[in-house]
Each structure stands twice: as C-alpha cells, then as structure tokens.
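Shown here: work.cif, mmCIF, C-alpha atoms and all ligand atoms.
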data_my_file
loop_
_atom_site.label_atom_id
_atom_site.label_comp_id
_atom_site.auth_asym_id
_atom_site.auth_seq_id
_atom_site.Cartn_x
_atom_site.Cartn_y
_atom_site.Cartn_z
CA MET Z 1 84.91 66.36 115.69
CA THR Z 2 85.01 64.55 112.36
CA THR Z 3 84.68 66.57 109.17
CA GLU Z 4 81.16 65.24 108.65
CA GLU Z 5 80.19 66.26 112.20
CA ILE Z 6 81.53 69.79 111.61
CA PHE Z 7 79.54 70.13 108.36
CA GLN Z 8 76.38 68.77 109.97
CA SER Z 9 76.63 70.95 113.06
CA GLU Z 10 77.19 74.17 111.09
CA ARG Z 11 74.29 73.28 108.82
CA GLU Z 12 72.05 72.56 111.79
CA PHE Z 13 72.85 75.62 113.89
CA GLN Z 14 73.90 78.35 111.46
CA VAL Z 15 71.61 80.38 109.21
CA ALA Z 16 72.27 78.99 105.74
CA THR Z 17 73.27 82.27 104.12
CA TYR Z 18 76.72 81.38 102.82
CA SER Z 19 77.63 79.17 99.91
CA LYS Z 20 80.55 77.25 101.41
CA LEU Z 21 83.39 75.16 100.10
CA ASP Z 22 83.27 71.58 101.36
CA LEU Z 23 86.27 72.28 103.57
CA ALA Z 24 86.57 72.64 107.33
CA ILE Z 25 89.70 74.74 107.87
CA VAL Z 26 91.18 74.20 111.31
CA ARG Z 27 94.73 75.53 111.12
CA GLY Z 28 96.81 77.99 109.09
CA ARG Z 29 100.33 79.32 108.75
CA GLY Z 30 101.55 81.77 106.10
CA PRO Z 31 99.67 81.13 102.86
CA TRP Z 32 98.85 77.54 103.86
CA VAL Z 33 95.77 76.16 105.60
CA TRP Z 34 94.94 72.65 106.82
CA THR Z 35 91.56 70.95 106.87
CA SER Z 36 90.06 68.78 109.57
CA ASP Z 37 91.28 65.80 107.48
CA ASN Z 38 94.80 67.29 107.60
CA ASP Z 39 94.78 68.13 103.88
CA LYS Z 40 97.00 71.10 103.09
CA TYR Z 41 95.75 73.88 100.77
CA LEU Z 42 97.54 76.86 99.25
CA ASP Z 43 95.31 79.82 100.11
CA LEU Z 44 95.45 82.34 97.27
CA TYR Z 45 92.19 83.81 98.59
CA GLY Z 46 93.87 84.97 101.82
CA GLY Z 47 90.95 83.96 104.03
CA HIS Z 48 88.73 86.37 101.99
CA ALA Z 49 91.27 89.18 101.42
CA VAL Z 50 91.94 89.37 105.16
CA CYS Z 51 95.22 87.61 105.93
CA ALA Z 52 97.69 90.06 104.39
CA VAL Z 53 100.60 88.87 106.53
CA GLY Z 54 99.59 85.20 106.18
CA HIS Z 55 97.53 83.03 108.48
CA SER Z 56 98.24 83.21 112.22
CA HIS Z 57 101.47 85.17 111.81
CA PRO Z 58 103.47 84.43 115.01
CA GLU Z 59 104.06 88.10 115.73
CA VAL Z 60 100.39 89.02 115.46
CA VAL Z 61 99.48 85.99 117.58
CA ALA Z 62 102.03 87.03 120.22
CA ALA Z 63 100.79 90.63 120.21
CA ILE Z 64 97.13 89.72 120.73
CA THR Z 65 97.97 87.04 123.31
CA GLU Z 66 100.10 89.44 125.32
CA GLN Z 67 97.42 92.14 125.13
CA ALA Z 68 94.62 89.72 126.07
CA GLU Z 69 96.54 88.74 129.18
CA LYS Z 70 96.94 92.39 130.20
CA LEU Z 71 93.52 93.82 129.23
CA MET Z 72 91.14 92.53 126.60
CA PHE Z 73 88.83 95.47 126.42
CA TYR Z 74 87.86 98.89 127.57
CA SER Z 75 85.88 101.28 125.38
CA ASN Z 76 86.75 104.78 124.17
CA VAL Z 77 85.46 106.18 127.43
CA VAL Z 78 89.06 105.80 128.63
CA TYR Z 79 92.50 106.36 127.06
CA SER Z 80 94.65 103.35 126.14
CA ASP Z 81 98.35 102.85 125.44
CA ILE Z 82 97.80 100.26 122.69
CA ARG Z 83 95.08 102.36 120.99
CA ALA Z 84 97.40 105.38 121.07
CA ASP Z 85 100.17 103.28 119.49
CA ALA Z 86 97.96 101.70 116.81
CA ALA Z 87 96.43 105.05 115.80
CA HIS Z 88 99.89 106.63 115.59
CA LYS Z 89 101.24 103.72 113.51
CA LEU Z 90 98.30 103.75 111.07
CA VAL Z 91 98.46 107.53 110.56
CA SER Z 92 102.23 107.37 110.11
CA VAL Z 93 101.90 105.08 107.05
CA ALA Z 94 98.95 107.01 105.57
CA PRO Z 95 99.22 109.84 103.01
CA THR Z 96 100.31 112.94 104.92
CA SER Z 97 96.98 114.80 104.62
CA LEU Z 98 95.12 111.97 106.40
CA THR Z 99 96.05 112.78 109.95
CA LYS Z 100 93.30 111.30 112.10
CA VAL Z 101 91.59 107.92 112.50
CA PHE Z 102 88.21 106.72 113.72
CA PHE Z 103 88.22 103.02 114.60
CA CYS Z 104 85.24 100.74 114.11
CA ASN Z 105 84.75 97.03 113.45
CA SER Z 106 84.11 96.24 109.79
CA GLY Z 107 84.20 97.54 106.25
CA THR Z 108 80.54 98.36 106.03
CA GLU Z 109 80.73 100.29 109.30
CA ALA Z 110 83.75 102.23 108.06
CA ASN Z 111 81.77 103.25 104.96
CA GLU Z 112 78.67 104.17 106.99
CA ASN Z 113 80.80 106.46 109.13
CA ALA Z 114 82.63 107.90 106.13
CA MET Z 115 79.30 108.88 104.56
CA ARG Z 116 78.07 110.31 107.86
CA ILE Z 117 81.21 112.44 108.18
CA ALA Z 118 80.65 113.72 104.62
CA ARG Z 119 77.03 114.65 105.40
CA LEU Z 120 77.90 116.28 108.72
CA ALA Z 121 80.76 118.29 107.22
CA THR Z 122 78.81 119.56 104.22
CA GLY Z 123 75.27 119.79 105.58
CA ARG Z 124 74.19 117.99 102.39
CA THR Z 125 72.68 114.51 101.99
CA LYS Z 126 73.39 113.25 98.46
CA ILE Z 127 75.96 110.49 98.03
CA VAL Z 128 77.34 109.53 94.62
CA SER Z 129 78.76 106.03 94.18
CA PHE Z 130 79.47 103.86 91.16
CA GLU Z 131 77.88 101.09 89.13
CA LYS Z 132 79.25 97.70 90.21
CA GLY Z 133 80.99 99.01 93.33
CA PHE Z 134 80.53 97.04 96.57
CA HIS Z 135 80.50 98.82 99.92
CA GLY Z 136 78.88 96.45 102.43
CA ARG Z 137 75.54 95.25 103.66
CA THR Z 138 74.28 97.71 106.30
CA ALA Z 139 71.64 100.28 105.30
CA ASP Z 140 73.69 103.18 103.95
CA SER Z 141 76.51 101.07 102.50
CA ILE Z 142 74.17 98.68 100.68
CA SER Z 143 72.28 101.70 99.32
CA ALA Z 144 75.60 102.83 97.80
CA THR Z 145 76.21 99.36 96.34
CA PHE Z 146 75.08 99.26 92.72
CA LEU Z 147 76.13 95.67 92.11
CA GLY Z 148 73.80 92.82 91.21
CA LYS Z 149 71.05 92.10 93.71
CA TYR Z 150 72.73 93.68 96.74
CA ARG Z 151 71.01 97.06 96.64
CA THR Z 152 67.61 95.43 96.31
CA LEU Z 153 68.33 93.37 99.44
CA GLY Z 154 68.68 96.63 101.33
CA GLU Z 155 65.27 98.02 100.31
CA PRO Z 156 63.84 100.37 101.34
CA ASN Z 157 67.17 102.04 100.57
CA VAL Z 158 68.49 105.13 102.30
CA PRO Z 159 67.36 108.15 100.24
CA GLY Z 160 69.83 110.38 98.45
CA HIS Z 161 72.01 107.76 96.76
CA VAL Z 162 72.82 108.24 93.09
CA SER Z 163 75.04 106.11 90.85
CA ALA Z 164 77.42 106.93 88.02
CA GLU Z 165 79.24 104.76 85.51
CA PHE Z 166 82.66 103.73 86.95
CA GLY Z 167 85.64 105.11 85.06
CA ASP Z 168 83.57 107.38 82.81
CA SER Z 169 84.82 110.97 82.98
CA ASP Z 170 81.69 112.41 81.32
CA ALA Z 171 79.48 110.89 84.03
CA ILE Z 172 81.37 112.81 86.71
CA ALA Z 173 80.11 116.23 85.62
CA ALA Z 174 76.56 114.95 85.20
CA VAL Z 175 76.09 113.61 88.74
CA ILE Z 176 78.45 115.40 91.14
CA ASP Z 177 77.03 118.81 92.00
CA ALA Z 178 76.72 121.39 94.76
CA GLU Z 179 74.19 119.14 96.51
CA THR Z 180 76.57 116.20 96.77
CA ALA Z 181 77.85 115.51 100.28
CA GLY Z 182 80.21 112.70 99.32
CA VAL Z 183 81.54 110.60 96.48
CA LEU Z 184 82.24 107.01 97.54
CA ILE Z 185 84.40 104.94 95.21
CA GLU Z 186 85.96 101.50 95.37
CA PRO Z 187 89.13 102.43 93.47
CA ILE Z 188 89.62 98.89 92.15
CA GLN Z 189 86.21 97.23 91.94
CA SER Z 190 87.11 93.85 93.33
CA MET Z 191 83.85 91.96 93.62
CA ALA Z 192 82.76 93.20 90.17
CA GLY Z 193 85.74 91.36 88.63
CA VAL Z 194 88.71 93.58 89.51
CA ARG Z 195 87.76 96.56 87.34
CA GLU Z 196 90.15 99.51 87.14
CA ALA Z 197 89.99 103.17 86.16
CA THR Z 198 92.76 105.39 84.85
CA PRO Z 199 94.89 107.75 86.99
CA GLU Z 200 93.44 110.66 84.99
CA TYR Z 201 89.95 109.59 86.01
CA PHE Z 202 90.83 109.87 89.71
CA GLN Z 203 92.35 113.30 89.04
CA GLN Z 204 89.14 114.44 87.35
CA LEU Z 205 87.13 113.09 90.26
CA ARG Z 206 89.30 115.01 92.75
CA LYS Z 207 89.00 118.20 90.69
CA LYS Z 208 85.20 117.98 90.47
CA CYS Z 209 84.85 117.27 94.20
CA ASP Z 210 87.04 120.29 94.99
CA GLU Z 211 85.01 122.52 92.64
CA VAL Z 212 81.71 121.75 94.33
CA GLY Z 213 82.96 121.18 97.89
CA THR Z 214 82.23 117.46 97.99
CA VAL Z 215 84.00 114.96 100.26
CA LEU Z 216 85.89 112.31 98.29
CA ILE Z 217 85.93 108.87 99.94
CA PHE Z 218 88.03 105.92 98.80
CA ASP Z 219 86.64 102.60 99.99
CA GLU Z 220 89.96 100.82 100.54
CA VAL Z 221 88.52 97.91 102.46
CA GLN Z 222 90.21 95.67 99.88
CA THR Z 223 92.91 97.84 98.32
CA GLY Z 224 94.22 99.25 101.61
CA VAL Z 225 96.90 98.06 104.02
CA GLY Z 226 99.26 97.02 101.25
CA ARG Z 227 97.08 94.74 99.17
CA ALA Z 228 97.46 96.78 95.99
CA GLY Z 229 101.25 96.98 96.44
CA GLU Z 230 101.32 100.35 98.26
CA TRP Z 231 100.18 101.10 101.79
CA PHE Z 232 97.07 102.65 100.23
CA PHE Z 233 95.65 103.18 96.76
CA ALA Z 234 95.23 106.80 97.91
CA GLY Z 235 98.19 108.84 96.75
CA SER Z 236 99.55 106.04 94.54
CA LYS Z 237 100.60 106.29 90.91
CA ALA Z 238 97.51 104.28 89.93
CA ALA Z 239 95.40 106.97 91.63
CA GLY Z 240 97.23 109.71 89.71
CA GLY Z 241 98.60 110.81 93.09
CA VAL Z 242 95.08 111.67 94.26
CA VAL Z 243 94.48 111.58 98.00
CA PRO Z 244 90.81 111.56 99.04
CA ASP Z 245 89.39 113.23 102.15
CA ILE Z 246 88.51 109.90 103.76
CA VAL Z 247 89.85 106.36 103.33
CA SER Z 248 87.78 103.52 104.74
CA LEU Z 249 89.58 100.35 105.82
CA ALA Z 250 88.92 96.89 107.27
CA LYS Z 251 89.81 93.35 106.05
CA SER Z 252 93.65 93.15 106.22
CA LEU Z 253 94.01 95.69 109.02
CA GLY Z 254 93.50 93.22 111.87
CA SER Z 255 94.76 90.01 110.25
CA GLY Z 256 91.39 88.43 111.08
CA VAL Z 257 90.60 90.23 114.31
CA PRO Z 258 87.73 92.54 113.25
CA VAL Z 259 89.04 96.11 112.82
CA GLY Z 260 87.60 98.83 110.64
CA ALA Z 261 88.79 102.42 110.33
CA CYS Z 262 88.21 105.76 108.64
CA LEU Z 263 91.32 107.82 107.96
CA VAL Z 264 90.32 111.47 107.66
CA THR Z 265 91.86 114.88 107.00
CA GLU Z 266 92.55 117.36 109.78
CA ASP Z 267 89.76 119.65 108.49
CA LEU Z 268 87.14 116.93 108.43
CA ALA Z 269 88.19 115.70 111.84
CA ALA Z 270 87.71 119.24 113.14
CA SER Z 271 84.13 119.23 111.87
CA ILE Z 272 83.25 116.15 113.95
CA LYS Z 273 81.87 116.88 117.39
CA GLU Z 274 81.58 114.71 120.48
CA ASN Z 275 79.08 111.89 119.99
CA ASP Z 276 78.71 112.45 116.22
CA LEU Z 277 80.28 108.99 115.74
CA GLY Z 278 80.73 106.07 118.07
CA THR Z 279 80.78 102.32 118.60
CA THR Z 280 81.37 100.19 121.67
CA PHE Z 281 84.00 97.85 120.27
CA GLY Z 282 85.91 100.24 117.94
CA GLY Z 283 89.48 100.68 119.12
CA GLY Z 284 89.28 97.74 121.56
CA MET Z 285 92.63 96.64 122.95
CA VAL Z 286 92.94 93.22 121.29
CA ALA Z 287 91.88 94.71 117.95
CA MET Z 288 94.45 97.47 118.32
CA ALA Z 289 97.21 95.00 119.17
CA ALA Z 290 96.33 93.06 116.02
CA ALA Z 291 96.33 96.19 113.84
CA LYS Z 292 99.61 97.52 115.18
CA ALA Z 293 101.37 94.17 114.81
CA THR Z 294 99.97 93.70 111.28
CA LEU Z 295 101.30 97.08 110.14
CA GLU Z 296 104.69 96.39 111.73
CA VAL Z 297 104.99 92.98 110.06
CA ILE Z 298 104.12 94.46 106.63
CA GLU Z 299 106.82 97.07 107.11
CA ARG Z 300 109.55 94.85 108.52
CA GLU Z 301 109.06 91.97 106.08
CA GLY Z 302 108.96 94.30 103.06
CA LEU Z 303 105.53 93.01 102.05
CA LEU Z 304 104.59 95.99 99.90
CA GLU Z 305 107.46 95.16 97.58
CA ASN Z 306 106.61 91.47 97.74
CA ALA Z 307 102.98 92.23 96.80
CA ARG Z 308 104.28 93.99 93.68
CA ASN Z 309 106.55 91.01 92.96
CA ILE Z 310 103.60 88.64 93.30
CA GLU Z 311 101.75 90.67 90.69
CA SER Z 312 104.62 90.39 88.22
CA TRP Z 313 105.10 86.64 88.88
CA VAL Z 314 101.36 86.04 88.32
CA ARG Z 315 101.31 88.22 85.20
CA ASN Z 316 104.32 86.34 83.86
CA VAL Z 317 102.70 82.94 84.50
CA CYS Z 318 99.47 84.08 82.87
CA SER Z 319 101.18 85.57 79.83
CA ARG Z 320 102.39 82.06 78.96
CA ASN Z 321 98.93 80.51 79.26
CA PRO Z 322 96.67 80.73 76.18
CA MET Z 323 93.53 80.27 78.30
CA VAL Z 324 94.14 83.64 80.01
CA LYS Z 325 92.73 86.62 78.14
CA ALA Z 326 93.82 89.37 80.54
CA VAL Z 327 95.03 90.08 84.05
CA GLN Z 328 93.55 93.06 85.88
CA GLY Z 329 94.39 94.66 89.20
CA LYS Z 330 97.41 95.52 91.29
CA GLY Z 331 99.64 93.70 93.76
CA CYS Z 332 97.69 91.01 95.58
CA LEU Z 333 94.31 92.06 94.21
CA LEU Z 334 94.27 90.37 90.82
CA GLY Z 335 91.54 89.31 88.41
CA ILE Z 336 92.40 86.69 85.82
CA GLU Z 337 90.04 86.77 82.86
CA VAL Z 338 89.80 83.27 81.43
CA GLN Z 339 88.28 81.72 78.39
CA GLY Z 340 85.41 79.34 79.12
CA GLY Z 341 84.44 80.88 82.45
CA ALA Z 342 86.18 81.08 85.79
CA ARG Z 343 84.13 78.50 87.70
CA PRO Z 344 85.52 75.34 86.04
CA LEU Z 345 89.06 76.61 86.59
CA TYR Z 346 88.27 77.57 90.20
CA GLN Z 347 87.00 74.01 90.80
CA LYS Z 348 90.02 72.40 89.10
CA LEU Z 349 92.38 74.53 91.20
CA LEU Z 350 90.48 73.51 94.30
CA ASP Z 351 90.88 69.86 93.27
CA ALA Z 352 94.62 70.61 93.09
CA LYS Z 353 94.36 72.00 96.65
CA ILE Z 354 94.59 75.68 95.75
CA ILE Z 355 91.95 78.09 97.03
CA THR Z 356 91.16 81.06 94.78
CA GLY Z 357 88.08 83.27 94.43
CA LEU Z 358 85.28 84.01 92.00
CA SER Z 359 83.68 87.39 91.32
CA SER Z 360 80.40 88.70 89.93
CA ASP Z 361 82.00 88.52 86.47
CA PRO Z 362 81.68 84.84 85.43
CA ASN Z 363 84.92 85.06 83.44
CA VAL Z 364 87.12 86.46 86.19
CA LEU Z 365 89.00 84.36 88.73
CA ARG Z 366 90.21 86.43 91.67
CA LEU Z 367 93.48 86.06 93.56
CA LEU Z 368 93.65 87.81 96.95
CA PRO Z 369 96.65 86.03 98.47
CA PRO Z 370 98.67 86.96 101.54
CA LEU Z 371 101.28 89.58 100.62
CA SER Z 372 103.95 87.17 101.81
CA VAL Z 373 103.48 84.48 99.15
CA SER Z 374 106.82 83.36 97.66
CA GLN Z 375 107.78 82.82 94.03
CA SER Z 376 107.92 79.05 94.57
CA GLU Z 377 104.34 79.12 95.86
CA ILE Z 378 103.25 81.03 92.76
CA GLU Z 379 105.02 78.28 90.74
CA ILE Z 380 102.69 75.73 92.40
CA PHE Z 381 99.78 77.81 91.12
CA ALA Z 382 101.45 78.06 87.68
CA GLU Z 383 101.79 74.28 87.39
CA ALA Z 384 98.15 73.71 88.32
CA LEU Z 385 97.01 76.45 85.95
CA ASN Z 386 98.96 74.97 83.07
CA LYS Z 387 97.57 71.52 83.73
C1 LIG Z 401 85.36 97.09 98.87
C2 LIG Z 401 84.56 96.60 100.05
N1 LIG Z 401 83.95 97.49 100.83
C3 LIG Z 401 83.24 97.11 101.91
C4 LIG Z 401 83.11 95.78 102.24
C5 LIG Z 401 82.33 95.37 103.46
O1 LIG Z 401 83.20 94.95 104.45
P1 LIG Z 401 82.67 94.06 105.67
O2 LIG Z 401 82.28 92.73 105.11
O3 LIG Z 401 83.84 94.00 106.61
O4 LIG Z 401 81.51 94.79 106.24
C6 LIG Z 401 83.73 94.80 101.45
C7 LIG Z 401 83.62 93.37 101.77
O5 LIG Z 401 83.87 92.50 100.99
C8 LIG Z 401 84.48 95.23 100.32
O6 LIG Z 401 85.10 94.35 99.53
#

For the structure just supplied, provide its representation as structure tokens.
Ligand SMILES: Cc1ncc(COP(=O)(O)O)c(C=O)c1O
Amino acid sequence: MTTEEIFQSEREFQVATYSKLDLAIVRGRGPWVWTSDNDKYLDLYGGHAVCAVGHSHPEVVAAITEQAEKLMFYSNVVYSDIRADAAHKLVSVAPTSLTKVFFCNSGTEANENAMRIARLATGRTKIVSFEKGFHGRTADSISATFLGKYRTLGEPNVPGHVSAEFGDSDAIAAVIDAETAGVLIEPIQSMAGVREATPEYFQQLRKKCDEVGTVLIFDEVQTGVGRAGEWFFAGSKAAGGVVPDIVSLAKSLGSGVPVGACLVTEDLAASIKENDLGTTFGGGMVAMAAAKATLEVIEREGLLENARNIESWVRNVCSRNPMVKAVQGKGCLLGIEVQGGARPLYQKLLDAKIITGLSSDPNVLRLLPPLSVSQSEIEIFAEALNK
C-alpha cells in the first residue's frame, strides 16, 4: 500500500474521531519508528506513553510469539501458568502493602474497577477526584474526569462524583468526608500539562482518607511501570512515601498489547467476592506474556535508573534554552513549558523527524519517551530544540 492509499483507506473506513499526524508508521525498534515512505522518526512520545521498553522489544516479541504458539487465550475460568507468573512478577515490584492484582484491558477499565472496589468495600457511593485530572472515557471514569470537555461528553454522568482543586490542601478537608467511598487522583496530571503536587499534599490526602475510612486510589496509568523513574509513583519520594489502597495501571504494562490492572491491598482484596468484578479478556495469556516480559526487561536493563537519567539530560538541555520557561514532571513523563506556545515547536520538531506530544495546556510540550532512550538520542532532540 502506498502512503496515500493508507491515508485514504483509514479515512474511508474508520470513524473520524482522532486528529492524526500525517504519518503512517509501519515499523519500530527502540525509540525509533519508520513510516511507509521509510522515513525514520525519533519517538519521544513512546507510541502514546505505551512503549516503555521501546518499540517491538525483541524479548517482548519473543515472549508473546512463544505464548501465542502454545495458547493464545483462555479466560479466568481456568488457572494459567503465565497468568500466575505475571501476577507474581507485578506484585513483587509493587509497594509491599499492594499484594493482589485484578487484570483488565485498559486504563479506563482499571479505574472503573478501582472505583467499584472502593464502593463495594465502604458501602458508600461518593467519589472525589480532581480538577484537570484525566481518568478515561467510559461512564464512571469520564464522570471523574474534570478536564476540558471530557466530562460533558459522558453526560448523563454517573451520580456521586465531586471534584476538588488539585494540590490544594484546604480543599481536601472540604470535600472528603464520611460519605466518600474513594478518592481518585492522577498523581502527576499528564494530559493537563504535567501538573505536580507536593509530597506533603499526598501525605495530607492519605491522612484524611484514613480518618474517614475512604479508599485512596492512584491512577498510575501514565506514571506507573517505571515511567516516573520508580516502579510506581506510589511509595516514592515524590509521593511523600504514601502508598494508596489501589493503584490502577495500563499503558506501559503490556508494551502495546492491551493490559490494564488494579493493584490492591490484602484487606480490600478480602472484601471482594466472587463475581463482583470480571472481564473476558483480562489476564489473557498473550497479554500476560507481554506484561511479564515488559517488567523483566525494565528490571534487567536498569530502565528505572535510565528514566531518571533521561529526566536530568532533558532538564539540562532545557536549562540552556531561553525559550523554555520550566520543566515539570518526573522521569519519562515531562512537560516543557515554552514561550510562544507548544504547537509551533511541536510542528518544528516533527519537521525535524522527532515525535513529541501536546497537552491541554497550550504552552506545554509533553515528552513520554521509551525509558530506554540514550543520551545521544536526547542530544538529537537538543540540537533540534536549539535550532
Ligand atoms: C492518567 C490516565 N488514566 C486513564 C487513562 C485511560 O486509559 P485508556 O485509554 O487505556 O482507557 C489515560 C489515557 O490516556 C490516562 O492518561
């Protein structure tokens, strides 16, 4: 197929709901992708914050190929060796109080299930989330998404959702009360422009939730699985050491094979009865092979440390550029605040064959690169930025 034929066919047969780059990506390896015209791009957007170990990592490819040849799928109605292994591996890298996992297929589904667990465990219905957080597009998650037009798209919204200002300690006491089932927070608000809160804020949040018996949920669909330079934001220094009761995950976990998950505490897991949660595809064999291999690659290649290095290389590059006003975020979840708006810079970088991301803040350019990017690849970005 020629590039023009690809464009035309997608336009003809797909619902036109995405604003797309004029690129047909057909191949990838590490942080590099190739178009149908064989043009090579540096992908600092990581395939939409998904490809933490780089595109088509050979070990992940081998793991899913081998699994597909043995057994592609059987649901949770049976036990599975690869599901047992993947669950064990994920729990072993999680904060120690998060001892159980429920697998699903996407970030929004992970959040839906996290909120359901909170309601089932407390017998309450109210969910508190935060202005400008993004949690997905299915009914409950979009009702918790107080960002731009998203919530309106989900009308009529699920009742019982209340918002608070993100990062504002005074707002915590005003909205979280004995009727609150769960507090759902995106600990670094990525889509909003990589907005951060202080460690003390997370400590206050934890304290308030404990006081009123509310389930604290971190939406780590973006920050999790190493992206923010630690396995999870939960328990990190940036979180003030706070570990929530549930962590929801997706994006990086399957390296592109859809995998979502809720990590939960022993107590919460004990409150969940048979058939309270479920999904056909969650924990499928190919998905589990992808998740297990992804976690193993992150560990073996030392990608948590490299994600932290990437942050310091990018910060260093930006500190020498007068156009950059600030850099927000952690590890491989970075927002670069630029003078004159992010879109012109985004376009210029694209012209230089570097893919980055925008956000809902017109001044913030987002970088969500694979955790494996090297210093010399960041230098390529630096040169383009300086130009
Ligand atoms: C923080 C956060 N939560 C939830 C979601 C929804 O994930 P998914 O698109 O896999 O449903 C996203 C997607 O961008 C996200 O960034």

Neighbourhood of ligand LIG 401 (chain Z) at 10 Å, counting all atoms listed in the file, reported as a ChimeraX atom specification:
/Z:48-50,105-112,133-138,141-142,145,185-192,218-224,248-252,258-260

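Residue nearest Ala118 of chain Z within the list Z:Gly254, Z:Pro31, Z:Pro244, Z:Pro370: Z:Pro244 [criterion: smallest interatomic distance, all atoms listed in the file].
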
Report as JSON, numbers by chain all protein, DNA and RNA residues lying within 12 Å of Pro58 of chain Z, evaluated on only C-alpha atoms, omitting residues in the same chain fewer than 3 positions from it.
{"Z": [28, 29, 30, 53, 54, 55, 61, 62, 63, 64, 65, 66, 255, 290, 293, 294, 297]}

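Of the listed residues Z:Ala16, Z:Ile355, Z:Leu90, Z:Cys104, the one whose atoms come nearest to Gly278 of chain Z is Z:Cys104, with distances taken using all atoms listed in the file.
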
Any idea what the distance is between atom CA of Ala173 of chain Z and atom CA of Val247 of chain Z?
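If I compute the distance from atom CA of Ala173 of chain Z to atom CA of Val247 of chain Z, I get 22.5 Å.
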
Would you compute the distance between atom CA of Gly226 of chain Z and atom CA of Leu303 of chain Z? Give it in Å to one decimal.
7.5 Å

Residues within 12 Å of (80.6, 119.3, 94.8), file coords, only C-alpha atoms, listed as JSON, numbers by chain:
{"Z": [118, 122, 124, 125, 126, 127, 128, 172, 173, 174, 175, 176, 177, 178, 179, 180, 181, 182, 183, 205, 206, 207, 208, 209, 210, 211, 212, 213, 214, 215, 216]}

Between Z:Val158, Z:Ala382, Z:Ala171, Z:Val286, which has the minimum distance to Arg83 of chain Z (counting all atoms listed in the file)?
Z:Val286

Atom CA of Pro369 of chain Z to atom CA of Asp351 of chain Z measures 17.9 Å

In the coordinate frame of the file, compute which residues have an atom within 9 Å of (86.5, 82.7, 82.4) when using only C-alpha atoms, and state them as a PyMOL selection string.
chain Z and resi 323-325+336-345+361-365

Compare Z:Ser372, Z:Lys132, Z:Ala234, Z:Glu299 by their minimum atom-to-atom distance to Lys89 of chain Z, counting all atoms listed in the file, and give me the closest one.
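Residue with the minimum atom-to-atom distance to Lys89 of chain Z: Z:Glu299.
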
Quick one: everything within 12 Å of Thr280 of chain Z, counting all atoms listed in the file, minus sequence neighbours fewer than 2 positions away in the same chain. Send it as a PyMOL selection string.
chain Z and resi 73-78+103-105+277-278+282-285
